Amino acid sequence: MEDLDRQIASVMDCNPLQEEEVVRLCEKTKEILQGDQNVPNIAAPVTVVGDIHGQFYDLLELFRIGGRAPDTNYLFMGDYVDRGYYSVECVTLVVLLKLRYPNRVTILRGNHESRQITQVYGFYDECVRKYGSANVWKCFTDLFDFLPLAATIDKQLFCPHGGLSPSLDTVAQMQQLERFQEIPHEGPICDLMWSDPDDRVGWGISPRGAGYTFGQDVSEHFNHINGFEFIVRAHQLVMEGYNWSHENAVVTLFSAPNYCYRCGNQAAIMEVDEHMHTKFIQFDPAPRRGEPNSKEVTVSRQAPEYFL
C-alpha cells in the first residue's frame, strides 16, 4: 500500500511510472478486474465521470472539485486516453486508484480503450515517445480487455460508455457476454462502446461507422424493462458538460473541458448521494501549466463548427 501511495503521489505530480512499475500495476489490476462482472452494481454515494482524453491537469481539477479517492467514490466511464497530451499519466492514475481503492473506484471501458483506436488517436505514439518502445502501450491495452462493459448504480441507473444495443434488452444478457477481448468491429460489445442517442425513433445507422443511434422509444423501453430511472453515458462532446435527452431518459456526461484544447466546452461530473439524488457540477479547464498566458483560459459557449 505504501508503494501504491508513493506512486499515486508521483503520478499526481505528472511524473510517469517506470516501465517495470507499469507492468506490475497492470498485472495486479488484471487480477482484481478478472473477478468483476461485465456490469457491476455500485452502491451510492458515487461521483460519475465522463471522457477524460489525456487532459491530465483537468483531471486534477476534477479531483479538486469532486474530492480525492477514497473520500469520494468514483465511477469512471472510459476514454482515459487519446487526443490530449497526457494519456499515459491519466490512465496510469485511474488504474492506480482502482488498484489502491478497489471498492471505491470503478473504471469502465470506453471505445478508446482499444488497440486499434489508440494507434490512430495518440496513446500509442505517446507511449513510444515517453518510454522508448510500445511495451507500456501493450501492457495497458492488454489490461483494457479486462475492464467492465458498463455499470449500474444501486440498480437504478445504467451507465455504459456509449449506449444501447439492438442485441441486448436486459443487463442479464450483458452479463453473459465474453468481454475479455479487443472491442469487436460490430456486435453488442461494440454497441455499448459506440452507440449514441438520437432525435429519430428506433435504431439508426451511426455516422461514426460503429454502433447505432437509438431513439427515445428505445431508451424508455430499456429503462422500463430493466427498472432504471435513466441512462448516464459519456462518449459525446456536450458544450455545457452534461446534456439531457429523450425527455430525461438519457443524460450525456463529458468531463474533458475545452476538449482538444480548442472546443471551448465546459466539463461536468455527476454526484449521486446515498438517497440517489443527483447533482451536476460543471467546471472549466485548469490553467495550462508552463505557458505564458496560462491563467487566461477562456471558455466559449459557442459550439465548434465540427465534431471531433
# chains A, B, ... in the order shown; residues from 1 in each chain; ligands from 1
call {"tool": "select_by_dssp", "arguments": {"residues": "region 183-216 of chain A", "states": "alpha helix (DSSP H)", "output": "MDAnalysis selection string"}}
result
chainID A and resid 188:194 216
call {"tool": "residues_around", "arguments": {"residues": "Tyr259 (chain A)", "least_positions_apart": "4", "cutoff": "10 Å", "atoms": "only C-alpha atoms", "output": "PDB file with N, CA, C and O atoms, in the first residue's frame"}}
result
ATOM      1  N   ASP A  51     -15.778  11.281 -20.326  1.00  0.00           N
ATOM      2  CA  ASP A  51     -14.497  11.237 -21.046  1.00  0.00           C
ATOM      3  C   ASP A  51     -13.461  12.171 -20.415  1.00  0.00           C
ATOM      4  O   ASP A  51     -13.779  13.300 -20.034  1.00  0.00           O
ATOM      5  N   ILE A  52     -12.211  11.707 -20.370  1.00  0.00           N
ATOM      6  CA  ILE A  52     -11.077  12.483 -19.841  1.00  0.00           C
ATOM      7  C   ILE A  52     -10.083  12.809 -20.953  1.00  0.00           C
ATOM      8  O   ILE A  52      -9.556  13.914 -21.030  1.00  0.00           O
ATOM      9  N   HIS A  53      -9.791  11.836 -21.790  1.00  0.00           N
ATOM     10  CA  HIS A  53      -8.992  12.011 -23.006  1.00  0.00           C
ATOM     11  C   HIS A  53      -7.639  12.685 -22.783  1.00  0.00           C
ATOM     12  O   HIS A  53      -7.292  13.648 -23.474  1.00  0.00           O
ATOM     13  N   GLY A  54      -6.874  12.175 -21.835  1.00  0.00           N
ATOM     14  CA  GLY A  54      -5.488  12.603 -21.721  1.00  0.00           C
ATOM     15  C   GLY A  54      -5.279  14.022 -21.238  1.00  0.00           C
ATOM     16  O   GLY A  54      -4.161  14.545 -21.321  1.00  0.00           O
ATOM     17  N   GLN A  55      -6.320  14.679 -20.718  1.00  0.00           N
ATOM     18  CA  GLN A  55      -6.190  16.055 -20.235  1.00  0.00           C
ATOM     19  C   GLN A  55      -5.896  16.029 -18.733  1.00  0.00           C
ATOM     20  O   GLN A  55      -6.770  16.239 -17.890  1.00  0.00           O
ATOM     21  N   ARG A  83      -6.145  11.920 -27.812  1.00  0.00           N
ATOM     22  CA  ARG A  83      -6.476  13.327 -28.033  1.00  0.00           C
ATOM     23  C   ARG A  83      -5.600  14.273 -27.219  1.00  0.00           C
ATOM     24  O   ARG A  83      -4.951  15.148 -27.766  1.00  0.00           O
ATOM     25  N   GLY A  84      -5.597  14.150 -25.871  1.00  0.00           N
ATOM     26  CA  GLY A  84      -4.831  15.062 -25.028  1.00  0.00           C
ATOM     27  C   GLY A  84      -3.360  14.695 -24.968  1.00  0.00           C
ATOM     28  O   GLY A  84      -2.918  13.685 -25.521  1.00  0.00           O
ATOM     29  N   LEU A 237     -19.161  14.890 -27.030  1.00  0.00           N
ATOM     30  CA  LEU A 237     -18.913  16.253 -26.579  1.00  0.00           C
ATOM     31  C   LEU A 237     -20.238  16.989 -26.414  1.00  0.00           C
ATOM     32  O   LEU A 237     -21.050  17.032 -27.338  1.00  0.00           O
ATOM     33  N   VAL A 238     -20.471  17.533 -25.213  1.00  0.00           N
ATOM     34  CA  VAL A 238     -21.630  18.413 -24.988  1.00  0.00           C
ATOM     35  C   VAL A 238     -21.109  19.703 -24.372  1.00  0.00           C
ATOM     36  O   VAL A 238     -20.273  19.683 -23.466  1.00  0.00           O
ATOM     37  N   MET A 239     -21.569  20.818 -24.859  1.00  0.00           N
ATOM     38  CA  MET A 239     -20.923  22.097 -24.568  1.00  0.00           C
ATOM     39  C   MET A 239     -21.047  22.540 -23.115  1.00  0.00           C
ATOM     40  O   MET A 239     -20.191  23.258 -22.604  1.00  0.00           O
ATOM     41  N   PHE A 254     -19.745  14.686 -20.026  1.00  0.00           N
ATOM     42  CA  PHE A 254     -18.442  14.839 -20.681  1.00  0.00           C
ATOM     43  C   PHE A 254     -17.524  15.600 -19.728  1.00  0.00           C
ATOM     44  O   PHE A 254     -17.869  16.696 -19.271  1.00  0.00           O
ATOM     45  N   SER A 255     -16.378  15.021 -19.403  1.00  0.00           N
ATOM     46  CA  SER A 255     -15.543  15.539 -18.316  1.00  0.00           C
ATOM     47  C   SER A 255     -14.186  16.065 -18.767  1.00  0.00           C
ATOM     48  O   SER A 255     -13.268  16.202 -17.958  1.00  0.00           O
ATOM     49  N   CYS A 263     -12.078  23.295 -28.096  1.00  0.00           N
ATOM     50  CA  CYS A 263     -13.513  23.225 -28.367  1.00  0.00           C
ATOM     51  C   CYS A 263     -14.342  24.211 -27.547  1.00  0.00           C
ATOM     52  O   CYS A 263     -15.494  24.468 -27.870  1.00  0.00           O
ATOM     53  N   GLY A 264     -13.771  24.737 -26.465  1.00  0.00           N
ATOM     54  CA  GLY A 264     -14.468  25.758 -25.694  1.00  0.00           C
ATOM     55  C   GLY A 264     -15.628  25.264 -24.852  1.00  0.00           C
ATOM     56  O   GLY A 264     -16.465  26.059 -24.423  1.00  0.00           O
ATOM     57  N   ASN A 265     -15.719  23.980 -24.594  1.00  0.00           N
ATOM     58  CA  ASN A 265     -16.813  23.425 -23.792  1.00  0.00           C
ATOM     59  C   ASN A 265     -16.491  23.430 -22.306  1.00  0.00           C
ATOM     60  O   ASN A 265     -15.332  23.399 -21.908  1.00  0.00           O
ATOM     61  N   GLN A 266     -17.526  23.468 -21.484  1.00  0.00           N
ATOM     62  CA  GLN A 266     -17.377  23.158 -20.070  1.00  0.00           C
ATOM     63  C   GLN A 266     -17.355  21.641 -19.911  1.00  0.00           C
ATOM     64  O   GLN A 266     -17.730  20.890 -20.814  1.00  0.00           O
ATOM     65  N   ALA A 267     -16.911  21.196 -18.737  1.00  0.00           N
ATOM     66  CA  ALA A 267     -16.982  19.775 -18.379  1.00  0.00           C
ATOM     67  C   ALA A 267     -17.921  19.628 -17.191  1.00  0.00           C
ATOM     68  O   ALA A 267     -18.308  20.614 -16.557  1.00  0.00           O
ATOM     69  N   PRO A 285     -11.616  24.562 -17.727  1.00  0.00           N
ATOM     70  CA  PRO A 285     -10.274  23.975 -17.794  1.00  0.00           C
ATOM     71  C   PRO A 285      -9.334  24.532 -16.731  1.00  0.00           C
ATOM     72  O   PRO A 285      -9.448  25.695 -16.331  1.00  0.00           O
ATOM     73  N   LEU A 308     -15.504  16.673 -33.099  1.00  0.00           N
ATOM     74  CA  LEU A 308     -14.257  15.928 -33.016  1.00  0.00           C
ATOM     75  C   LEU A 308     -14.544  14.516 -32.566  1.00  0.00           C
ATOM     76  O   LEU A 308     -15.156  14.336 -31.521  1.00  0.00           O
TER      77      LEU A 308
END
call {"tool": "residues_around", "arguments": {"residues": "region 62-77 of chain A", "least_positions_apart": "6", "cutoff": "10 Å", "atoms": "only C-alpha atoms", "output": "PyMOL selection string"}}
result
chain A and resi 42-52+56+94+97-98+100-110+148-153+159-162+193+232-235+253-257+267-272+281-286
call {"tool": "residues_around", "arguments": {"residues": "region 215-223 of chain A", "least_positions_apart": "3", "cutoff": "9 Å", "atoms": "only C-alpha atoms", "output": "list in words"}}
result
Leu157, Phe158, Leu164, Pro166, Asp169, Thr170, Asp196, Pro197, Asp198, Asp199, Arg200, Val201, Gly202, Trp203, Gly204, Asn226, Gly227, Phe228, Glu229, Phe230, Ile231, Ser245, His246, Glu247, Ala249 and Val250 of chain A
call {"tool": "write_last_selection", "arguments": {"atoms": "N, CA and C atoms", "output": "short mmCIF file (atom, residue, chain, number, x, y, z; two decimals), in the first residue's frame"}}
result
data_model
loop_
_atom_site.label_atom_id
_atom_site.label_comp_id
_atom_site.auth_asym_id
_atom_site.auth_seq_id
_atom_site.Cartn_x
_atom_site.Cartn_y
_atom_site.Cartn_z
N LEU A 157 -29.68 3.24 -11.95
CA LEU A 157 -29.12 3.98 -13.08
C LEU A 157 -28.25 3.04 -13.89
N PHE A 158 -28.31 3.16 -15.22
CA PHE A 158 -27.48 2.34 -16.10
C PHE A 158 -26.41 3.23 -16.72
N LEU A 164 -26.82 1.92 -26.06
CA LEU A 164 -27.55 0.65 -26.07
C LEU A 164 -27.25 -0.14 -27.34
N PRO A 166 -29.11 -3.08 -30.15
CA PRO A 166 -30.31 -3.83 -30.57
C PRO A 166 -30.22 -5.31 -30.21
N ASP A 169 -31.47 -6.59 -24.60
CA ASP A 169 -32.65 -5.99 -23.96
C ASP A 169 -32.46 -5.81 -22.47
N THR A 170 -31.62 -6.65 -21.87
CA THR A 170 -31.50 -6.64 -20.41
C THR A 170 -30.04 -6.67 -19.96
N ASP A 196 -25.03 6.07 -29.81
CA ASP A 196 -25.42 7.41 -29.36
C ASP A 196 -26.94 7.57 -29.38
N PRO A 197 -27.49 8.34 -28.42
CA PRO A 197 -28.91 8.69 -28.51
C PRO A 197 -29.15 9.63 -29.68
N ASP A 198 -30.38 9.61 -30.21
CA ASP A 198 -30.68 10.40 -31.41
C ASP A 198 -32.12 10.89 -31.32
N ASP A 199 -32.42 11.96 -32.08
CA ASP A 199 -33.78 12.51 -32.10
C ASP A 199 -34.74 11.61 -32.86
N ARG A 200 -34.23 10.78 -33.75
CA ARG A 200 -35.09 9.90 -34.53
C ARG A 200 -35.48 8.68 -33.69
N VAL A 201 -36.68 8.16 -33.91
CA VAL A 201 -37.12 6.99 -33.17
C VAL A 201 -36.44 5.73 -33.70
N GLY A 202 -36.45 4.71 -32.86
CA GLY A 202 -35.92 3.41 -33.27
C GLY A 202 -34.41 3.39 -33.38
N TRP A 203 -33.92 2.39 -34.09
CA TRP A 203 -32.48 2.23 -34.30
C TRP A 203 -32.09 2.83 -35.64
N GLY A 204 -30.91 3.46 -35.69
CA GLY A 204 -30.42 4.02 -36.93
C GLY A 204 -28.96 3.68 -37.14
N ASN A 226 -35.85 -2.84 -17.44
CA ASN A 226 -34.76 -3.10 -16.50
C ASN A 226 -34.92 -2.39 -15.16
N GLY A 227 -35.96 -1.57 -15.04
CA GLY A 227 -36.21 -0.88 -13.78
C GLY A 227 -35.27 0.29 -13.51
N PHE A 228 -34.77 0.93 -14.56
CA PHE A 228 -33.85 2.06 -14.39
C PHE A 228 -34.61 3.39 -14.44
N GLU A 229 -34.10 4.36 -13.68
CA GLU A 229 -34.66 5.71 -13.74
C GLU A 229 -34.20 6.40 -15.02
N PHE A 230 -32.91 6.31 -15.31
CA PHE A 230 -32.39 6.88 -16.55
C PHE A 230 -31.02 6.28 -16.85
N ILE A 231 -30.51 6.58 -18.04
CA ILE A 231 -29.21 6.13 -18.50
C ILE A 231 -28.22 7.29 -18.38
N SER A 245 -31.41 14.22 -22.70
CA SER A 245 -32.12 13.95 -23.95
C SER A 245 -33.19 12.90 -23.70
N HIS A 246 -33.99 12.65 -24.71
CA HIS A 246 -35.06 11.65 -24.63
C HIS A 246 -35.98 11.90 -23.44
N GLU A 247 -36.30 13.19 -23.22
CA GLU A 247 -37.19 13.58 -22.11
C GLU A 247 -36.71 12.99 -20.79
N ALA A 249 -34.69 10.57 -20.21
CA ALA A 249 -34.39 9.13 -20.15
C ALA A 249 -32.89 8.88 -20.25
N VAL A 250 -32.15 9.85 -20.80
CA VAL A 250 -30.71 9.72 -21.01
C VAL A 250 -30.03 11.04 -20.65
#
call {"tool": "atom_distance", "arguments": {"atom1": "CA of Val22 (chain A)", "atom2": "CA of Glu126 (chain A)"}}
result
14.7 Å
call {"tool": "atom_distance", "arguments": {"atom1": "CA of Thr252 (chain A)", "atom2": "CA of Ile205 (chain A)"}}
result
19.4 Å
call {"tool": "residues_around", "arguments": {"residues": "Glu20 (chain A)", "least_positions_apart": "3", "cutoff": "10 Å", "atoms": "only C-alpha atoms", "output": "ChimeraX atom specification"}}
result
/A:17,23-25,135-136
call {"tool": "write_last_selection", "arguments": {"atoms": "C-alpha atoms", "output": "PDB file, in the first residue's frame"}}
result
ATOM      1  CA  LEU A  17       5.910   5.470 -13.588  1.00  0.00           C
ATOM      2  CA  VAL A  23       3.968  -3.868 -15.912  1.00  0.00           C
ATOM      3  CA  ARG A  24       3.365  -4.759 -12.253  1.00  0.00           C
ATOM      4  CA  LEU A  25       0.473  -2.302 -11.989  1.00  0.00           C
ATOM      5  CA  ASN A 135       5.761  -2.114 -24.197  1.00  0.00           C
ATOM      6  CA  VAL A 136       3.731   0.182 -21.918  1.00  0.00           C
TER       7      VAL A 136
END
call {"tool": "atom_distance", "arguments": {"atom1": "CA of Cys139 (chain A)", "atom2": "CA of Glu19 (chain A)"}}
result
9.5 Å
call {"tool": "residues_around", "arguments": {"residues": "region 181-184 of chain A", "least_positions_apart": "2", "cutoff": "8 Å", "atoms": "only C-alpha atoms", "output": "count of residues only"}}
result
11
call {"tool": "decode", "arguments": {"residues": "region 199-276 of chain A", "atoms": "C-alpha atoms", "output": "PDB file, in the first residue's frame"}}
result
ATOM      1  CA  ASP A 199     -33.781  12.506 -32.098  1.00  0.00           C
ATOM      2  CA  ARG A 200     -35.093   9.898 -34.531  1.00  0.00           C
ATOM      3  CA  VAL A 201     -37.125   6.990 -33.166  1.00  0.00           C
ATOM      4  CA  GLY A 202     -35.924   3.408 -33.269  1.00  0.00           C
ATOM      5  CA  TRP A 203     -32.485   2.230 -34.301  1.00  0.00           C
ATOM      6  CA  GLY A 204     -30.424   4.023 -36.933  1.00  0.00           C
ATOM      7  CA  ILE A 205     -27.074   3.665 -38.657  1.00  0.00           C
ATOM      8  CA  SER A 206     -24.394   5.550 -36.741  1.00  0.00           C
ATOM      9  CA  PRO A 207     -22.394   8.209 -38.596  1.00  0.00           C
ATOM     10  CA  ARG A 208     -19.400   7.044 -36.537  1.00  0.00           C
ATOM     11  CA  GLY A 209     -19.214   3.822 -38.532  1.00  0.00           C
ATOM     12  CA  ALA A 210     -19.655   1.676 -35.412  1.00  0.00           C
ATOM     13  CA  GLY A 211     -22.571   1.112 -33.063  1.00  0.00           C
ATOM     14  CA  TYR A 212     -26.053   2.527 -33.697  1.00  0.00           C
ATOM     15  CA  THR A 213     -28.173   5.560 -32.973  1.00  0.00           C
ATOM     16  CA  PHE A 214     -31.153   4.904 -30.703  1.00  0.00           C
ATOM     17  CA  GLY A 215     -34.314   6.910 -30.193  1.00  0.00           C
ATOM     18  CA  GLN A 216     -36.372   7.903 -27.189  1.00  0.00           C
ATOM     19  CA  ASP A 217     -38.646   4.891 -27.660  1.00  0.00           C
ATOM     20  CA  VAL A 218     -35.627   2.575 -27.327  1.00  0.00           C
ATOM     21  CA  SER A 219     -34.316   4.338 -24.200  1.00  0.00           C
ATOM     22  CA  GLU A 220     -37.688   4.372 -22.469  1.00  0.00           C
ATOM     23  CA  HIS A 221     -38.328   0.701 -23.257  1.00  0.00           C
ATOM     24  CA  PHE A 222     -34.868  -0.316 -21.978  1.00  0.00           C
ATOM     25  CA  ASN A 223     -35.268   1.686 -18.768  1.00  0.00           C
ATOM     26  CA  HIS A 224     -38.756   0.299 -18.199  1.00  0.00           C
ATOM     27  CA  ILE A 225     -37.946  -3.393 -18.585  1.00  0.00           C
ATOM     28  CA  ASN A 226     -34.758  -3.103 -16.505  1.00  0.00           C
ATOM     29  CA  GLY A 227     -36.213  -0.881 -13.783  1.00  0.00           C
ATOM     30  CA  PHE A 228     -33.853   2.059 -14.388  1.00  0.00           C
ATOM     31  CA  GLU A 229     -34.658   5.706 -13.739  1.00  0.00           C
ATOM     32  CA  PHE A 230     -32.387   6.879 -16.555  1.00  0.00           C
ATOM     33  CA  ILE A 231     -29.207   6.126 -18.505  1.00  0.00           C
ATOM     34  CA  VAL A 232     -25.961   8.001 -17.761  1.00  0.00           C
ATOM     35  CA  ARG A 233     -23.411   7.812 -20.575  1.00  0.00           C
ATOM     36  CA  ALA A 234     -20.391   9.680 -21.925  1.00  0.00           C
ATOM     37  CA  HIS A 235     -18.867   9.411 -25.442  1.00  0.00           C
ATOM     38  CA  GLN A 236     -20.154  12.693 -26.911  1.00  0.00           C
ATOM     39  CA  LEU A 237     -18.913  16.253 -26.579  1.00  0.00           C
ATOM     40  CA  VAL A 238     -21.630  18.413 -24.988  1.00  0.00           C
ATOM     41  CA  MET A 239     -20.923  22.097 -24.568  1.00  0.00           C
ATOM     42  CA  GLU A 240     -22.270  22.508 -21.030  1.00  0.00           C
ATOM     43  CA  GLY A 241     -20.582  19.335 -19.734  1.00  0.00           C
ATOM     44  CA  TYR A 242     -23.871  17.457 -19.432  1.00  0.00           C
ATOM     45  CA  ASN A 243     -26.976  17.247 -21.580  1.00  0.00           C
ATOM     46  CA  TRP A 244     -30.363  15.604 -21.025  1.00  0.00           C
ATOM     47  CA  SER A 245     -32.116  13.948 -23.951  1.00  0.00           C
ATOM     48  CA  HIS A 246     -35.065  11.652 -24.633  1.00  0.00           C
ATOM     49  CA  GLU A 247     -37.195  13.583 -22.112  1.00  0.00           C
ATOM     50  CA  ASN A 248     -34.767  12.820 -19.282  1.00  0.00           C
ATOM     51  CA  ALA A 249     -34.390   9.130 -20.145  1.00  0.00           C
ATOM     52  CA  VAL A 250     -30.706   9.720 -21.011  1.00  0.00           C
ATOM     53  CA  VAL A 251     -28.044  12.134 -19.800  1.00  0.00           C
ATOM     54  CA  THR A 252     -24.680  12.581 -21.540  1.00  0.00           C
ATOM     55  CA  LEU A 253     -21.717  13.470 -19.307  1.00  0.00           C
ATOM     56  CA  PHE A 254     -18.442  14.839 -20.681  1.00  0.00           C
ATOM     57  CA  SER A 255     -15.543  15.539 -18.316  1.00  0.00           C
ATOM     58  CA  ALA A 256     -12.836  16.991 -20.608  1.00  0.00           C
ATOM     59  CA  PRO A 257     -13.176  20.812 -20.545  1.00  0.00           C
ATOM     60  CA  ASN A 258     -12.071  22.757 -23.623  1.00  0.00           C
ATOM     61  CA  TYR A 259     -11.777  19.385 -25.376  1.00  0.00           C
ATOM     62  CA  CYS A 260      -8.661  19.014 -27.508  1.00  0.00           C
ATOM     63  CA  TYR A 261      -7.631  22.376 -26.005  1.00  0.00           C
ATOM     64  CA  ARG A 262      -9.820  24.195 -28.522  1.00  0.00           C
ATOM     65  CA  CYS A 263     -13.513  23.225 -28.367  1.00  0.00           C
ATOM     66  CA  GLY A 264     -14.468  25.758 -25.694  1.00  0.00           C
ATOM     67  CA  ASN A 265     -16.813  23.425 -23.792  1.00  0.00           C
ATOM     68  CA  GLN A 266     -17.377  23.158 -20.070  1.00  0.00           C
ATOM     69  CA  ALA A 267     -16.982  19.775 -18.379  1.00  0.00           C
ATOM     70  CA  ALA A 268     -19.140  18.148 -15.716  1.00  0.00           C
ATOM     71  CA  ILE A 269     -19.288  15.345 -13.188  1.00  0.00           C
ATOM     72  CA  MET A 270     -22.437  13.883 -11.652  1.00  0.00           C
ATOM     73  CA  GLU A 271     -22.697  13.316  -7.911  1.00  0.00           C
ATOM     74  CA  VAL A 272     -25.167  10.658  -6.741  1.00  0.00           C
ATOM     75  CA  ASP A 273     -25.866  10.829  -2.994  1.00  0.00           C
ATOM     76  CA  GLU A 274     -26.898   7.971  -0.718  1.00  0.00           C
ATOM     77  CA  HIS A 275     -30.582   8.764  -1.421  1.00  0.00           C
ATOM     78  CA  MET A 276     -29.969   8.548  -5.198  1.00  0.00           C
TER      79      MET A 276
END
